[in-house]
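Notes follow the structure.
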Amino acid sequence: MDALNESFVFGSEVIGRGVPTTTDLYIGATIQLLATAAVILGIYNVYLIKEMTIFHCAFGWFWASRTIGEIGANAVHMVYSGPVTMMQPSWISSRAGIIAFTISYFFGCHACVMHQIISFNRMVAVCFPLKYRFIFTKTICKALIAMVWVQVFFVLALYNVIPCQQLGFSPTFYEFVFVKCEAGMERNISIVGTVVNRFCWFVCGSTVIFDGLTLYKIIQIKKNGLTQEKTFKRDVRFFAQTTIQNLTMMVALTMICLVNNSSSTALVMNAFALNLLLVTHVNNALALILFNPEVRARFGKKKIKSCAPSTVSATNQASTVRSEDDW
């Protein structure tokens with residue numbers, strides 16, 4: 001046991017092998033490429049939201065906050081995970097990998113929770129249009145965004161307050177992995193991480209319910225002809241935009257739960273899980289550009305100034321609601 005303790009190196013899981021292999025170079029380059037693309041597209045998203053009045057509303061606020069979270073998480077992979085995977089430095093401090101996880105998770109967890117809020121926002125816009133402006137006021141939107149940022153601190157605290165639960169990025173395992181705290185430890189996972197991953201999966205699964213209700217309402221509106229074609233198309237567009245993102249995020253979260261930050265998971269699974277998450281973030285940023293003709297034609301003459309929901313009364317009469325672009 002003494003010999004085992006003497007040979008134990010804390011954080012050996014998150015230290016490079018010294019000499020990179022061909023696989024390290026390929027996977028590191030992929031991480032670097034996807035993370036850089038996600039950061040650039042994310043920054044462009046924030047710029048569009050700031051410049052275009054159509055996004056000066058609750059939907060835009062939530063989207064911007066979610067995007068900032070993804071930018072922060074992807075920036076860690078761009079400046080740390082990708083480079084260390086390609087270089088495999090054996091001299092790097094194990095604390096660097098743990099810090100990389102902490103920063104990336106702080107931003108990534110916020111972005112994940114914001115998916116639910118965006119999905120709920122779209123459901124209310126379609127299913128309860130007359131109540132939309134009373135639910136998503138400036139005050140409520142600011143409070144929701146602030147609350148999501150704050151709750152991440154408490155989640156992260158669990159990894160550091162509860163003994164032997166820390167995670168860090170591993171350039172040899174290509175993913176955030178559990179960092180063992182003592183010699184001879186048989187456990188390969190963080191219990192806190194396992195609980196958090198599965199809880200996030202179930203919480204994010206709520207978007208499926210929201211999207212299902214929204215889709216049902218859209219079908220009913222189309223069937224009964226209760227709205228103008230222009231506003232209906234916009235609602236469908238926003239719905240499709242968020243739904244595609246939610247589906248890809250659920251697939252990525254499923255992979256994260258399967259891998260579970262374990263150092264005993266197959267390397268191909270680890271690499272696939274991380275890069276799938278990065279692809280999801282790229283997809284999220286592209287959605288704002290590809291699904292909105294206002295963005296694609298932003299240099300044209302036609303300007304659309306509102307992203308308020310279409311409103312329909314029970315008597316088949318369209319109601320007029322003050323636009324949200326006065327935010």
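Chains: A, B, ... in order of the structure tokens. Residues: from 1 per chain. Ligands: from 1, in order shown.
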
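Using only C-alpha atoms, the residues found no farther than 6 Å from region 260-277 of chain A, other than those of its own chain fewer than 6 positions away, are Phe173, Tyr174, Glu175, Phe176, Val177, Phe178, Asn188, Ile189 and Ala252 of chain A.
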
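For Ile92 (chain A), the list of residues within 12 Å, based on only C-alpha atoms and with local chain neighbours fewer than 2 positions off taken out, reads Gly11, Ser12, Glu13, Val14, Ile15, Gly16, Arg17, Gly18, Tyr80, Val84, Thr85, Met87, Gln88, Pro89, Ser90, Ser94, Arg95, Ala96, Gly97, Ile98, Phe169, Ser170 and Pro171 of chain A.
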
Write out, as JSON lines, each residue of region 234-268 of chain A that has an atom at most 8 Å from region 106-130 of chain A, together with the closest pair of atoms and their distance in Å to one decimal, counting only C-alpha atoms, rows going by chain and rising number.
{"residue": "A:Asp235", "atom": "CA", "partner": "A:Val126", "partner_atom": "CA", "distance": 6.8}
{"residue": "A:Phe238", "atom": "CA", "partner": "A:Arg122", "partner_atom": "CA", "distance": 7.3}
{"residue": "A:Phe239", "atom": "CA", "partner": "A:Arg122", "partner_atom": "CA", "distance": 6.5}
{"residue": "A:Thr242", "atom": "CA", "partner": "A:Ser119", "partner_atom": "CA", "distance": 6.4}
{"residue": "A:Thr243", "atom": "CA", "partner": "A:Ser119", "partner_atom": "CA", "distance": 7.7}
{"residue": "A:Asn246", "atom": "CA", "partner": "A:His115", "partner_atom": "CA", "distance": 7.0}

One decimal, in Å: what's the spacing between CA of Thr254 (chain A) and CA of Lys180 (chain A)?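 Straight-line distance from CA of Thr254 (chain A) to CA of Lys180 (chain A) works out to 24.0 Å.
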
Any idea what the distance is between CA of Asn284 (chain A) and CA of Ala38 (chain A)? 8.7 Å

Tell me, as a PyMOL selection string, which residues lie within 12 Å of Pro163 (chain A), counting only C-alpha atoms; anything in the same chain fewer than 5 positions away does not count. chain A and resi 157-158+179-182+190-192

Based on the backbone DSSP call, show me all residues of region 119-196 of chain A assigned helix (DSSP H, G or I), as number ranges by chain. A: 119-127, 129-135, 138-161, 191-196

If DSSP is run on the backbone, what residues of region 76-191 of chain A are strand (DSSP E or B)? A reply as a ChimeraX atom specification would be ideal. /A:167-170,175-178

Measuring between only C-alpha atoms, which one of A:Cys204, A:Met250, A:Met185, A:Val236 shows the shortest distance to Ile221 (chain A)?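 The answer is A:Val236, which sits nearest to Ile221 (chain A).
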
Give me the residues near Val39 (chain A) as a PyMOL selection string, where near means some atom within 8 Å (using only C-alpha atoms) and where sequence neighbours in that chain fewer than 4 positions away do not count. chain A and resi 35+43+70-71+74-75

Can you measure CA of Asn45 (chain A) to CA of Arg66 (chain A) for me? One decimal in Å is fine.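 Separation of CA of Asn45 (chain A) and CA of Arg66 (chain A): 10.5 Å.
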